[in-house]
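Novice: The structure follows.
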Amino acid sequence: LTASIKAVADVQIGDTVTETARPTTEPFPGYQEIKPMVFAGLYPIEADSYEDLRDALDKLRLNDASFFYEPETSAALGFGFRCGFLGLLHMEIVQERLEREFNLDLITTAPNVRYQVTTTDGVMTEIDSPAKMPEAVRIAKIEEPVIRAVILTPDEYLGGILPLLEEKRGTQKGFEYIASNRVMLTYELPLNEIVLDFYDRLKSVSRGYASLDYNLEGFRESDLVKLDILVAGEPVDALSLIMHRDTAAVKGRALAEKMKQLIPRQLFEVPIQAAIGNKVIARETVKAMGKNVIAKCYGGDITRKRKLLEKQKEGKRRMKKVGRVEIPQEAFLAVLKVNE
């Protein structure tokens with residue numbers, strides 16, 4: 001059996017192979033293509049590891065048909081890949097295999113889900129990254145995936161679980177005692193609300209006794225916005241998030257404060273802003289490193305000291321125009337841990 005196949009990825013599971021002498025009239029239906037539900041960017045910490053990461057993803061794709069990836073470029077992180085997963089557990093397994101089996105050091109961006117965006121001209125598109133979000137003035141509506149979650153827990157932990165579900169914009173669909181002290185909760189939740197820290201917080205408030213099972217229900221229209229983080233006036237695409245408008249201001253302030261702690265001081269002031277569209281909703285400033293330029297002026301005329309300070313201020317002003325801020329790796333991980 002020979003075929004003109006250049007890459008293994010060109011062949012899908014369920015494809016029909018037929019003989020030239022006795023060809024089939026029509027191919028078998030095969031299998032339905034699996035659509036990933038959770039998306040995240042994978043970037044090598046060292047730029048020269050890009051080829052190694054691509055080869056590793058190719059090998060993983062051979063025995064995992066549900067895994068999807070495509071090249072992606074970030075102004076902050078360089079060259080990497082946009083990867084699609086069936087869920088959070090699938091994402092964690094793939095990342096762990098890449099690091100353990102292929103000895104790769106990776107940065108993983110905040111996970112996102114697939115949204116359905118309808119523009120003002122009536123065209124519906126699916127987006128899986130904040131970078132692909134159209135401008136706000138061109139958006140007619142945004143629909144997000146919704147899941148039906150079933151949580152089993154001892155009733156003594158309801159005091160911590162119910163507020164958590166409310167915080168995650170959950171809608172209660174069922175509340176049933178399946179034993180004298182054991183409760184089954186049924187909730188509708190936006191998938192975007194559980195991809196970051198929901199499972200860890202659920203286990204924390206229930207001391208590990210609560211269990212979670214969920215399946216996809218469909219899409220629901222929601223008031224979502226794109227939250228951008230600007231460092232020194234420039235948006236950092238790898239820190240952008242899509243979230244509900246009601247929580248965007250709080251999350252923006254928390255992220256800006258976290259960035260202030262993580263970005264090292266420069267010779268000039270570095271403003272950090274959280275913005276929705278053109279509206280800045282939070283701002284922090286990393287103060288400039290100070291140098292005592294008047295240390296050698298023992299006494300003497302105050303005029304000379306003022307001239308030295310003015311000269312230093314002018315130098316910092318010029319540096320601010322041409323200076324470039326290096327964002328540490330820890331800053332990108334802060335998106336995942338901002339609620340801690």
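How things are named: the first chain in the structure tokens is A, the next is B, and so on; residues count from 1 in each chain; ligands count from 1 in the order shown.
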Contacts of A:Ala232 at 7 Å or less, counting only C-alpha atoms, minus same-chain residues fewer than 5 places along, as a list in words?
Specialist: Val270, Pro271 and Ile272 of chain A
Novice: Going by DSSP on the backbone, which residues of stretch 5-205 of chain A come out as strand (DSSP E or B)? List them as a PyMOL selection string.
Specialist: chain A and resi 38-44+68-74+78-85+106-108+112-113+115-119+124-127+139-154+171-179+182-190
Novice: Would you please give, as a ChimeraX atom specification, all residues of stretch 70-279 of chain A that DSSP assigns to alpha helix (DSSP H) based on the backbone?
Specialist: /A:88-101,158-167,198-205,245-262
Novice: Hey, can you check how far atom CA of A:Glu221 sits from atom CA of A:Glu144?
Specialist: 6.3 Å
Novice: Might you pull out every residue within 8 Å of stretch 240-250 of chain A, with only C-alpha atoms counted and same-chain residues fewer than 4 positions away left off, and present them as number ranges by chain?
Specialist: A: 110, 112, 130-131, 192, 222-229, 236, 254, 281-282
Novice: Can you tell me how far atom CA of A:Glu284 sits from atom CA of A:Pro235, in Å to one decimal?
Specialist: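 Between atom CA of A:Glu284 and atom CA of A:Pro235 the gap is 14.6 Å.
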Novice: Nearest to A:Ile178: which of A:Val123, A:Leu230, A:Thr18, A:Ile151 is it, counting only C-alpha atoms?
Specialist: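 Nearest to A:Ile178: A:Ile151.
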Novice: Show which residues sit within 10 Å of A:Arg201, as a PDB file with N, CA and C atoms, in the first residue's frame. Count only C-alpha atoms, and ignore same-chain residues fewer than 5 positions away.
Specialist:
```
ATOM      1  N   GLY A 160     -19.520  27.302  51.977  1.00  0.00           N
ATOM      2  CA  GLY A 160     -18.429  27.808  51.159  1.00  0.00           C
ATOM      3  C   GLY A 160     -18.638  27.583  49.676  1.00  0.00           C
ATOM      4  N   ILE A 161     -19.376  26.512  49.316  1.00  0.00           N
ATOM      5  CA  ILE A 161     -19.554  26.157  47.905  1.00  0.00           C
ATOM      6  C   ILE A 161     -20.581  27.051  47.228  1.00  0.00           C
ATOM      7  N   LEU A 164     -19.264  30.420  46.180  1.00  0.00           N
ATOM      8  CA  LEU A 164     -18.329  30.234  45.068  1.00  0.00           C
ATOM      9  C   LEU A 164     -19.074  30.094  43.747  1.00  0.00           C
ATOM     10  N   ILE A 194     -14.745  28.362  34.908  1.00  0.00           N
ATOM     11  CA  ILE A 194     -14.159  27.230  35.622  1.00  0.00           C
ATOM     12  C   ILE A 194     -12.782  26.835  35.097  1.00  0.00           C
ATOM     13  N   LEU A 196      -9.942  28.494  35.092  1.00  0.00           N
ATOM     14  CA  LEU A 196      -8.758  29.006  35.777  1.00  0.00           C
ATOM     15  C   LEU A 196      -8.556  28.359  37.145  1.00  0.00           C
ATOM     16  N   SER A 206     -14.142  22.717  50.351  1.00  0.00           N
ATOM     17  CA  SER A 206     -14.775  21.472  50.804  1.00  0.00           C
ATOM     18  C   SER A 206     -13.779  20.512  51.438  1.00  0.00           C
ATOM     19  N   ARG A 207     -12.543  20.982  51.628  1.00  0.00           N
ATOM     20  CA  ARG A 207     -11.475  20.143  52.191  1.00  0.00           C
ATOM     21  C   ARG A 207     -11.275  18.855  51.391  1.00  0.00           C
ATOM     22  N   GLY A 208     -11.517  18.952  50.096  1.00  0.00           N
ATOM     23  CA  GLY A 208     -11.268  17.824  49.203  1.00  0.00           C
ATOM     24  C   GLY A 208     -12.423  16.855  49.062  1.00  0.00           C
ATOM     25  N   ASN A 339      -6.253  35.490  41.696  1.00  0.00           N
ATOM     26  CA  ASN A 339      -7.275  35.409  42.745  1.00  0.00           C
ATOM     27  C   ASN A 339      -6.727  34.895  44.067  1.00  0.00           C
ATOM     28  N   GLU A 340      -5.470  34.470  44.090  1.00  0.00           N
ATOM     29  CA  GLU A 340      -4.929  33.898  45.317  1.00  0.00           C
ATOM     30  C   GLU A 340      -4.578  34.984  46.321  1.00  0.00           C
TER      31      GLU A 340
END
```
Novice: If we count only C-alpha atoms, what is near A:Leu86 at a cut-off of 9 Å, once residues fewer than 3 positions away on the same chain are taken out, given as an mmCIF file with N, CA and C atoms, in the first residue's frame?
Specialist:
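In the end it all went to part_26.cif:
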```cif
data_model
loop_
_atom_site.group_PDB
_atom_site.id
_atom_site.type_symbol
_atom_site.label_atom_id
_atom_site.label_comp_id
_atom_site.auth_asym_id
_atom_site.auth_seq_id
_atom_site.Cartn_x
_atom_site.Cartn_y
_atom_site.Cartn_z
ATOM 1 N N ILE A 34 -13.466 15.971 16.431
ATOM 2 C CA ILE A 34 -13.588 16.466 17.801
ATOM 3 C C ILE A 34 -13.186 17.933 17.851
ATOM 4 N N LYS A 35 -14.023 18.760 18.491
ATOM 5 C CA LYS A 35 -13.720 20.179 18.614
ATOM 6 C C LYS A 35 -13.160 20.471 19.998
ATOM 7 N N PRO A 36 -11.974 21.044 20.079
ATOM 8 C CA PRO A 36 -11.422 21.415 21.398
ATOM 9 C C PRO A 36 -12.311 22.458 22.068
ATOM 10 N N MET A 37 -12.311 22.449 23.408
ATOM 11 C CA MET A 37 -13.132 23.386 24.175
ATOM 12 C C MET A 37 -12.302 24.405 24.948
ATOM 13 N N VAL A 38 -11.065 24.059 25.274
ATOM 14 C CA VAL A 38 -10.194 24.954 26.040
ATOM 15 C C VAL A 38 -8.937 25.214 25.223
ATOM 16 N N PHE A 39 -8.510 26.471 25.170
ATOM 17 C CA PHE A 39 -7.365 26.869 24.360
ATOM 18 C C PHE A 39 -6.356 27.638 25.219
ATOM 19 N N SER A 66 -7.596 14.275 19.572
ATOM 20 C CA SER A 66 -8.367 15.406 20.087
ATOM 21 C C SER A 66 -7.486 16.633 20.331
ATOM 22 N N PHE A 67 -6.175 16.467 20.224
ATOM 23 C CA PHE A 67 -5.249 17.569 20.473
ATOM 24 C C PHE A 67 -5.060 18.379 19.200
ATOM 25 N N LEU A 89 -8.110 19.069 32.424
ATOM 26 C CA LEU A 89 -7.277 17.909 32.710
ATOM 27 C C LEU A 89 -6.432 17.534 31.493
ATOM 28 N N HIS A 90 -7.044 17.587 30.323
ATOM 29 C CA HIS A 90 -6.323 17.292 29.084
ATOM 30 C C HIS A 90 -5.161 18.268 28.899
ATOM 31 N N MET A 91 -5.392 19.553 29.181
ATOM 32 C CA MET A 91 -4.352 20.564 29.047
ATOM 33 C C MET A 91 -3.197 20.290 30.008
#
```
Novice: Extract, using only C-alpha atoms, all DNA, RNA and protein residues at most 10 Å from A:Tyr177, discarding same-chain residues fewer than 6 positions from it, and format them as a PyMOL selection string.
Specialist: chain A and resi 152-155+183-185
Novice: Can you write out the residues you just picked, keeping all heavy atoms, as a PDB file, in the first residue's frame?
Specialist:
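Written file, part-v7.pdb:
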```
ATOM      1  N   LEU A 152     -21.218  16.903  43.989  1.00  0.00           N
ATOM      2  CA  LEU A 152     -21.593  16.084  45.141  1.00  0.00           C
ATOM      3  C   LEU A 152     -20.736  16.497  46.327  1.00  0.00           C
ATOM      4  O   LEU A 152     -19.503  16.544  46.212  1.00  0.00           O
ATOM      5  CB  LEU A 152     -21.397  14.599  44.838  1.00  0.00           C
ATOM      6  CG  LEU A 152     -22.219  14.019  43.685  1.00  0.00           C
ATOM      7  CD1 LEU A 152     -21.854  12.564  43.437  1.00  0.00           C
ATOM      8  CD2 LEU A 152     -23.716  14.140  43.957  1.00  0.00           C
ATOM      9  N   THR A 153     -21.377  16.816  47.463  1.00  0.00           N
ATOM     10  CA  THR A 153     -20.629  17.310  48.599  1.00  0.00           C
ATOM     11  C   THR A 153     -21.370  17.020  49.904  1.00  0.00           C
ATOM     12  O   THR A 153     -22.610  16.967  49.920  1.00  0.00           O
ATOM     13  CB  THR A 153     -20.405  18.831  48.482  1.00  0.00           C
ATOM     14  OG1 THR A 153     -19.703  19.303  49.630  1.00  0.00           O
ATOM     15  CG2 THR A 153     -21.719  19.569  48.378  1.00  0.00           C
ATOM     16  N   PRO A 154     -20.648  16.842  51.007  1.00  0.00           N
ATOM     17  CA  PRO A 154     -21.292  16.820  52.320  1.00  0.00           C
ATOM     18  C   PRO A 154     -21.937  18.174  52.605  1.00  0.00           C
ATOM     19  O   PRO A 154     -21.389  19.227  52.233  1.00  0.00           O
ATOM     20  CB  PRO A 154     -20.126  16.536  53.282  1.00  0.00           C
ATOM     21  CG  PRO A 154     -19.084  15.875  52.436  1.00  0.00           C
ATOM     22  CD  PRO A 154     -19.217  16.494  51.084  1.00  0.00           C
ATOM     23  N   ASP A 155     -23.102  18.172  53.250  1.00  0.00           N
ATOM     24  CA  ASP A 155     -23.840  19.427  53.423  1.00  0.00           C
ATOM     25  C   ASP A 155     -23.146  20.428  54.339  1.00  0.00           C
ATOM     26  O   ASP A 155     -23.455  21.621  54.309  1.00  0.00           O
ATOM     27  CB  ASP A 155     -25.259  19.146  53.934  1.00  0.00           C
ATOM     28  CG  ASP A 155     -25.261  18.368  55.243  1.00  0.00           C
ATOM     29  OD1 ASP A 155     -24.173  18.072  55.769  1.00  0.00           O
ATOM     30  OD2 ASP A 155     -26.370  18.038  55.733  1.00  0.00           O
ATOM     31  N   VAL A 183     -25.276  16.106  49.561  1.00  0.00           N
ATOM     32  CA  VAL A 183     -26.100  16.920  48.670  1.00  0.00           C
ATOM     33  C   VAL A 183     -25.590  16.818  47.239  1.00  0.00           C
ATOM     34  O   VAL A 183     -24.374  16.775  46.999  1.00  0.00           O
ATOM     35  CB  VAL A 183     -26.097  18.400  49.118  1.00  0.00           C
ATOM     36  CG1 VAL A 183     -26.907  19.270  48.160  1.00  0.00           C
ATOM     37  CG2 VAL A 183     -26.615  18.527  50.528  1.00  0.00           C
ATOM     38  N   MET A 184     -26.525  16.797  46.270  1.00  0.00           N
ATOM     39  CA  MET A 184     -26.174  16.888  44.849  1.00  0.00           C
ATOM     40  C   MET A 184     -26.672  18.227  44.322  1.00  0.00           C
ATOM     41  O   MET A 184     -27.881  18.485  44.320  1.00  0.00           O
ATOM     42  CB  MET A 184     -26.791  15.742  44.055  1.00  0.00           C
ATOM     43  CG  MET A 184     -26.411  15.797  42.572  1.00  0.00           C
ATOM     44  SD  MET A 184     -26.956  14.337  41.631  1.00  0.00           S
ATOM     45  CE  MET A 184     -28.737  14.627  41.619  1.00  0.00           C
ATOM     46  N   LEU A 185     -25.737  19.069  43.918  1.00  0.00           N
ATOM     47  CA  LEU A 185     -26.061  20.380  43.354  1.00  0.00           C
ATOM     48  C   LEU A 185     -25.953  20.313  41.839  1.00  0.00           C
ATOM     49  O   LEU A 185     -24.990  19.766  41.307  1.00  0.00           O
ATOM     50  CB  LEU A 185     -25.101  21.446  43.880  1.00  0.00           C
ATOM     51  CG  LEU A 185     -25.045  21.677  45.390  1.00  0.00           C
ATOM     52  CD1 LEU A 185     -23.900  22.615  45.735  1.00  0.00           C
ATOM     53  CD2 LEU A 185     -26.362  22.254  45.884  1.00  0.00           C
TER      54      LEU A 185
END
```
Novice: Just want the 9 Å neighbourhood of A:Gly78, counted on only C-alpha atoms, with same-chain residues fewer than 2 positions away dropped. Output as a VMD selection string.
Specialist: chain A and resid 43 to 44 47 72 to 76 80
Novice: Restrict the selected residues to N, CA, C and O atoms and save them as a short mmCIF file (atom, residue, chain, number, x, y, z; two decimals), in the first residue's frame.
Specialist:
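out-v4.cif, freshly written:
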```cif
data_model
loop_
_atom_site.label_atom_id
_atom_site.label_comp_id
_atom_site.auth_asym_id
_atom_site.auth_seq_id
_atom_site.Cartn_x
_atom_site.Cartn_y
_atom_site.Cartn_z
N TYR A 43 4.54 28.45 24.84
CA TYR A 43 5.73 29.13 24.32
C TYR A 43 6.97 28.58 25.01
O TYR A 43 6.96 28.37 26.23
N PRO A 44 8.04 28.31 24.25
CA PRO A 44 9.29 27.88 24.88
C PRO A 44 9.94 29.05 25.60
O PRO A 44 9.94 30.18 25.11
N ALA A 47 14.17 30.74 23.15
CA ALA A 47 13.70 30.90 21.77
C ALA A 47 14.22 29.80 20.84
O ALA A 47 13.53 29.40 19.89
N GLU A 72 1.61 30.36 16.49
CA GLU A 72 1.12 31.64 17.00
C GLU A 72 2.32 32.50 17.37
O GLU A 72 3.35 32.00 17.82
N THR A 73 2.18 33.80 17.16
CA THR A 73 3.25 34.73 17.49
C THR A 73 2.74 35.76 18.49
O THR A 73 1.65 36.31 18.32
N SER A 74 3.52 35.99 19.52
CA SER A 74 3.20 36.98 20.54
C SER A 74 4.31 38.02 20.59
O SER A 74 5.49 37.68 20.57
N ALA A 75 3.90 39.29 20.66
CA ALA A 75 4.90 40.35 20.76
C ALA A 75 5.71 40.25 22.04
O ALA A 75 6.88 40.64 22.09
N ALA A 76 5.11 39.68 23.09
CA ALA A 76 5.79 39.58 24.38
C ALA A 76 6.57 38.28 24.53
O ALA A 76 7.64 38.26 25.13
N GLY A 80 5.40 30.67 19.26
CA GLY A 80 4.87 29.56 20.02
C GLY A 80 3.72 28.92 19.28
O GLY A 80 3.62 29.03 18.05
#
```
